[in-house]
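Let me begin by presenting the structure, written as structure tokens, before commenting on it.
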Amino acid sequence: MNKENIIICRCEDISLENIEKIFAMGYLDIEVIKRILRIGMGPCQGNTCGQLLQRELSNYLKVKMEDIKPLTSRPLVVGVKLKDINEGAEHEL
Amino acid sequence: MNFDYVIIGSGISGCSIAYNLANKGIKRIAVIDKNYLTSGSTGRCGAGVRQQWGTKMNCMLAKASIEFFEKAQETLNYQGDIEFSQAGYLILAVTDEEDRDFEKNVLLQQSLGIPSQKLNKLEAQKIVPHLNIDIIKSATFCPTDGHLNPFAMTDAYYQAAIKLGVKFFFKEEVIDIIVRNDKIEKVITKNNEFITNNVINAAGGYAKTIGDMVGIDIPVYPERHEILVTEPIEKIQGPMVMSFNKNIYCQQVPHGSFIMGRTNPYELPGFSINSSWGFLDEMSKTLCEILPAVGNLRVIRQWAGLYTMSPDRQPIISDSKLKGFYLACGFSGHGFMFAPMTGLLLSEIILNEELSIDINELHINRFNHKQVFAYEKSVV
């Protein structure tokens, strides 16, 4: 299968070709790759692509997958509407 | 390892300084960072660039920096996209005092060639139709302010610097700087030693920590500022909407998501970059008051970064009483947007060249003399 058609990050539409290209450019820190490609920055917060990226990077660097630090987990776990947070806050008063 | 210049910090300031020095023919430059490229304040910032300031120095630095950003893609020959878009900043005057202050700010800005203008409520609403104009007295607008991608812009400087021979060292935390007979000898990191006589402190939130290592007391402190991003939608808002009184900035970026942040007035100095629920409560409250339609969007992610606050909320760009120790710090939340001039001016100071802008007022000495030239109020 064409690497362009193998989607790694569905939220931000990043393919295997995209990440292999960025490895080849010398970007080998998972946090920098995230910031340049936007991989893992979509609504699923990297829940699917994070591990795929870790695996591909570990293959490329020929190290164990657990030696690649996962992407930083950031809140929120699921998307919440700003107006719902606002109404919830008012409720607490 | 021997270097003529060691720059501490690979945020946009450090990368811009490295590029400017190398571009003037300086060889043997190292940039070292305790973490990865843009891991500090640059990569965490709100991605806005503006010229509407209350002090002359900030206006001049910002205007010249915007002029650089307009042609940065070509100047730095960057293959990616820096995502520079000039849809303006709309700054809301909520109180009578702001209404009067902004009148003065606009006159200052216009006198320096910045195309800002004062708008009445209805004119402001034309620019941002979903703005709640009931809470404002007036607004100011500058059409050439805008948005720029902090990762891409730093990457552009980084790649250009590498092409000019600059060496980057990541995951190298500075633990000491050795000074003997008023002369810098070397920078010691956890894994290496960098022999050098010249150190440039562009360490952002850690600038004071670095200054303390060489006995230079830099009167700045780090302060956490929180920020969030929403799901992306079609373009509904061009400019950054900002209010100092309501304590908010909010912009829709080219990607389609909204980025917004505020200052916690109760925040204490410190290095924490954790996220808090309190921020979400306060942010959503202000947002729903000012831009109610945006309240329908879901928050995807929140994070935080450090502002490095200086006593007058203006940067320190200067040499110091220690020969070979240079400063680019204390930007008070605005180092990203001033970076082109930070790099150019500091390279001119280091190489004893004539300065493109007279920045004597930004020298660290200004705090010794208790001589306050100006105080920047236009900060969120």
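For the structure tokens, the naming scheme is as follows: chains receive sequential letters (A, B, ...) according to their order of presentation, residues are indexed from 1 within each chain, and ligands are indexed from 1 in presentation order.
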
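Near Phe244 of chain B, within a cut-off of 12 Å and counting only C-alpha atoms, sit the residues Trp53, Leu90, Ile91, Leu92, Ala93, Val94, Thr95, Glu97, Glu98, Asp99, Asp101, Phe102, Ile136, Ala139, Tyr249, Cys250, Gly261, Arg262, Thr263, Pro265, Thr286, Glu376, Lys377, Ser378, Val379 and Val380 of chain B, with same-chain residues fewer than 5 positions away left out.
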
Export of prior selection with N, CA and C atoms as a CSV table (one decimal), in the first residue's frame:
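Dumped everything to selection_0.csv:
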```
chain,number,residue,atom,x,y,z
B,53,TRP,N,0.9,48.9,21.1
B,53,TRP,CA,1.5,49.0,22.5
B,53,TRP,C,1.3,50.3,23.1
B,90,LEU,N,-8.2,43.5,17.4
B,90,LEU,CA,-9.2,44.4,17.8
B,90,LEU,C,-9.1,44.5,19.3
B,91,ILE,N,-8.7,45.6,19.8
B,91,ILE,CA,-8.5,45.8,21.3
B,91,ILE,C,-9.7,46.5,21.9
B,92,LEU,N,-10.4,46.0,22.9
B,92,LEU,CA,-11.6,46.5,23.4
B,92,LEU,C,-11.4,47.5,24.5
B,93,ALA,N,-12.0,48.7,24.4
B,93,ALA,CA,-11.9,49.6,25.6
B,93,ALA,C,-13.2,49.4,26.4
B,94,VAL,N,-13.1,48.9,27.6
B,94,VAL,CA,-14.3,48.5,28.4
B,94,VAL,C,-14.6,49.6,29.4
B,95,THR,N,-13.6,50.3,29.9
B,95,THR,CA,-13.8,51.4,30.9
B,95,THR,C,-13.5,52.7,30.3
B,97,GLU,N,-11.5,54.9,31.5
B,97,GLU,CA,-10.0,55.1,31.5
B,97,GLU,C,-9.4,54.4,30.3
B,98,GLU,N,-9.8,53.2,30.0
B,98,GLU,CA,-9.2,52.5,28.8
B,98,GLU,C,-9.5,53.4,27.5
B,99,ASP,N,-10.7,53.9,27.5
B,99,ASP,CA,-11.1,54.7,26.3
B,99,ASP,C,-10.2,55.8,26.1
B,101,ASP,N,-7.0,56.1,27.6
B,101,ASP,CA,-5.7,55.6,27.4
B,101,ASP,C,-5.4,55.2,25.9
B,102,PHE,N,-6.4,54.6,25.3
B,102,PHE,CA,-6.3,54.0,24.0
B,102,PHE,C,-6.2,55.2,23.0
B,136,ILE,N,-18.7,47.3,25.6
B,136,ILE,CA,-17.6,48.1,25.3
B,136,ILE,C,-17.9,49.6,25.1
B,139,ALA,N,-13.1,50.7,20.6
B,139,ALA,CA,-12.1,49.7,20.4
B,139,ALA,C,-11.0,50.4,19.6
B,249,TYR,N,-7.6,37.2,25.6
B,249,TYR,CA,-7.3,37.3,24.2
B,249,TYR,C,-7.8,36.1,23.5
B,250,CYS,N,-8.3,36.3,22.3
B,250,CYS,CA,-9.0,35.1,21.6
B,250,CYS,C,-8.9,35.3,20.1
B,261,GLY,N,-6.6,32.9,25.9
B,261,GLY,CA,-5.9,32.8,27.2
B,261,GLY,C,-6.2,34.0,28.1
B,262,ARG,N,-5.8,34.0,29.3
B,262,ARG,CA,-6.0,35.1,30.2
B,262,ARG,C,-4.9,35.0,31.3
B,263,THR,N,-4.9,36.0,32.1
B,263,THR,CA,-3.9,36.1,33.2
B,263,THR,C,-4.7,35.8,34.5
B,265,PRO,N,-4.8,36.8,38.1
B,265,PRO,CA,-4.3,37.8,38.9
B,265,PRO,C,-3.7,37.3,40.2
B,286,THR,N,-15.6,34.6,30.8
B,286,THR,CA,-15.2,35.8,30.1
B,286,THR,C,-15.6,35.6,28.6
B,376,GLU,N,4.7,49.5,30.6
B,376,GLU,CA,3.7,48.9,29.6
B,376,GLU,C,2.5,48.4,30.3
B,377,LYS,N,1.3,49.1,30.0
B,377,LYS,CA,0.0,48.6,30.6
B,377,LYS,C,-0.7,47.6,29.7
B,378,SER,N,-0.3,47.6,28.4
B,378,SER,CA,-1.1,46.8,27.5
B,378,SER,C,-0.6,45.4,27.5
B,379,VAL,N,-0.9,44.7,28.6
B,379,VAL,CA,-0.5,43.3,28.7
B,379,VAL,C,-1.6,42.5,29.2
B,380,VAL,N,-1.9,41.3,28.6
B,380,VAL,CA,-2.9,40.4,29.1
B,380,VAL,C,-2.0,39.2,29.7
```

Self-check item: Nearby residues (only C-alpha atoms) at most 10 Å from Thr72 of chain A, same-chain spacing under 5 positions excluded, as a ChimeraX atom specification
Solution: /A:30-31,40,45-46,50

Based on the selection just made, write N, CA and C atoms of those residues as a compact mmCIF listing (two decimals), in the first residue's frame.
```txt
# COMPACT_ATOMS: atom_id res chain seq x y z
N ILE A 30 9.75 13.24 19.69
CA ILE A 30 8.32 13.06 19.47
C ILE A 30 7.52 14.36 19.71
N GLU A 31 7.98 15.17 20.66
CA GLU A 31 7.28 16.43 20.94
C GLU A 31 7.48 17.47 19.83
N GLY A 40 -1.43 14.35 16.61
CA GLY A 40 -1.80 14.22 18.02
C GLY A 40 -2.46 15.46 18.60
N GLN A 45 -6.92 13.81 20.76
CA GLN A 45 -5.78 14.09 21.64
C GLN A 45 -4.67 13.04 21.54
N GLY A 46 -4.48 12.49 20.35
CA GLY A 46 -3.38 11.55 20.15
C GLY A 46 -3.64 10.15 20.68
N GLY A 50 -0.80 8.49 18.72
CA GLY A 50 0.35 8.60 19.63
C GLY A 50 1.17 7.34 19.65
```

Practice problem: Write out as a PyMOL selection string the residues lying within 10 Å of Glu90 of chain A, counting only C-alpha atoms and excluding same-chain residues fewer than 6 positions away. | Solution: (chain A and resi 84) or (chain B and resi 281+285)

Residues of chain B within 6 Å of chain A: nearest atom pair and distance (Å, one decimal) for each, counting only C-alpha atoms, sorted by chain and number, as CSV?
```
residue,atom,partner,partner_atom,distance
B:Asp281,CA,A:Ala89,CA,5.8
B:Ser284,CA,A:Asn86,CA,5.1
B:Lys285,CA,A:Asn86,CA,5.1
B:Gly295,CA,A:Lys83,CA,4.6
B:Asn296,CA,A:Lys81,CA,5.6
B:Leu297,CA,A:Lys81,CA,5.2
B:Arg298,CA,A:Lys81,CA,3.9
B:Val299,CA,A:Gly79,CA,5.2
B:Ile300,CA,A:Gly79,CA,5.0
B:Arg301,CA,A:Leu76,CA,5.5
B:Gln302,CA,A:Pro75,CA,5.9
```

Could those selected residues go to a file with C-alpha atoms, as a short mmCIF file (atom, residue, chain, number, x, y, z; two decimals), in the first residue's frame?
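As written to disk, again_37.cif reads:
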```
data_model
loop_
_atom_site.label_atom_id
_atom_site.label_comp_id
_atom_site.auth_asym_id
_atom_site.auth_seq_id
_atom_site.Cartn_x
_atom_site.Cartn_y
_atom_site.Cartn_z
CA ASP B 281 -14.08 28.32 34.67
CA SER B 284 -15.31 30.28 29.68
CA LYS B 285 -17.08 32.93 31.76
CA GLY B 295 -19.05 29.37 23.52
CA ASN B 296 -20.59 26.65 21.34
CA LEU B 297 -17.14 25.26 20.56
CA ARG B 298 -15.60 22.41 22.47
CA VAL B 299 -12.31 22.82 24.29
CA ILE B 300 -9.85 20.26 22.92
CA ARG B 301 -6.80 20.92 25.01
CA GLN B 302 -5.36 23.27 27.60
#
```

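Residue nearest Ala304 of chain B, chosen from B:Glu172, B:Glu67, B:Glu226, B:Glu193 and counting only C-alpha atoms: B:Glu226.
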
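Each of B:Asn365, B:Asn58, B:Ser276, B:Asn247 was checked against Thr342 of chain B using only C-alpha atoms; the smallest atom-to-atom distance is that of B:Asn58.
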
Quiz item: What separation in Å, quoted to one decimal, exists between atom CA of Leu52 of chain A and atom CA of Ser257 of chain B?
Solution: 24.4 Å

Practice problem: Might you pull out every residue within 8 Å of Pro340 of chain B, with only C-alpha atoms counted and same-chain residues fewer than 2 positions away left off, and present them as number ranges by chain? | Solution: B: 13, 16, 64-65, 68-69, 337-338, 342-344

Those same residues - N, CA and C atoms - I'd like them written as a short mmCIF file (atom, residue, chain, number, x, y, z; two decimals), in the first residue's frame.
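The resulting result21.cif:
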```cif
data_model
loop_
_atom_site.label_atom_id
_atom_site.label_comp_id
_atom_site.auth_asym_id
_atom_site.auth_seq_id
_atom_site.Cartn_x
_atom_site.Cartn_y
_atom_site.Cartn_z
N SER B 13 13.76 33.54 20.55
CA SER B 13 14.81 34.56 20.75
C SER B 13 16.19 33.97 20.49
N SER B 16 16.69 33.28 16.81
CA SER B 16 16.85 34.51 16.04
C SER B 16 18.23 35.14 16.26
N ALA B 64 8.93 46.92 13.53
CA ALA B 64 10.05 46.42 12.72
C ALA B 64 10.00 44.89 12.62
N SER B 65 9.51 44.23 13.67
CA SER B 65 9.41 42.76 13.64
C SER B 65 8.34 42.31 12.65
N PHE B 68 9.63 42.33 9.28
CA PHE B 68 10.44 41.14 8.99
C PHE B 68 9.54 39.94 8.69
N PHE B 69 8.49 39.73 9.53
CA PHE B 69 7.61 38.58 9.34
C PHE B 69 6.98 38.59 7.94
N MET B 337 6.74 37.79 19.49
CA MET B 337 6.46 38.78 18.45
C MET B 337 7.59 39.79 18.24
N PHE B 338 8.52 39.90 19.21
CA PHE B 338 9.64 40.84 19.05
C PHE B 338 10.91 40.16 18.52
N THR B 342 14.88 41.37 18.39
CA THR B 342 15.74 40.89 19.47
C THR B 342 17.04 40.34 18.88
N GLY B 343 16.90 39.50 17.86
CA GLY B 343 18.06 38.88 17.24
C GLY B 343 18.95 39.89 16.54
N LEU B 344 18.32 40.79 15.79
CA LEU B 344 19.10 41.78 15.04
C LEU B 344 19.84 42.72 15.99
#
```

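Distance-wise, atom CA of Ala374 of chain B and atom CA of Glu103 of chain B end up 17.3 Å apart.
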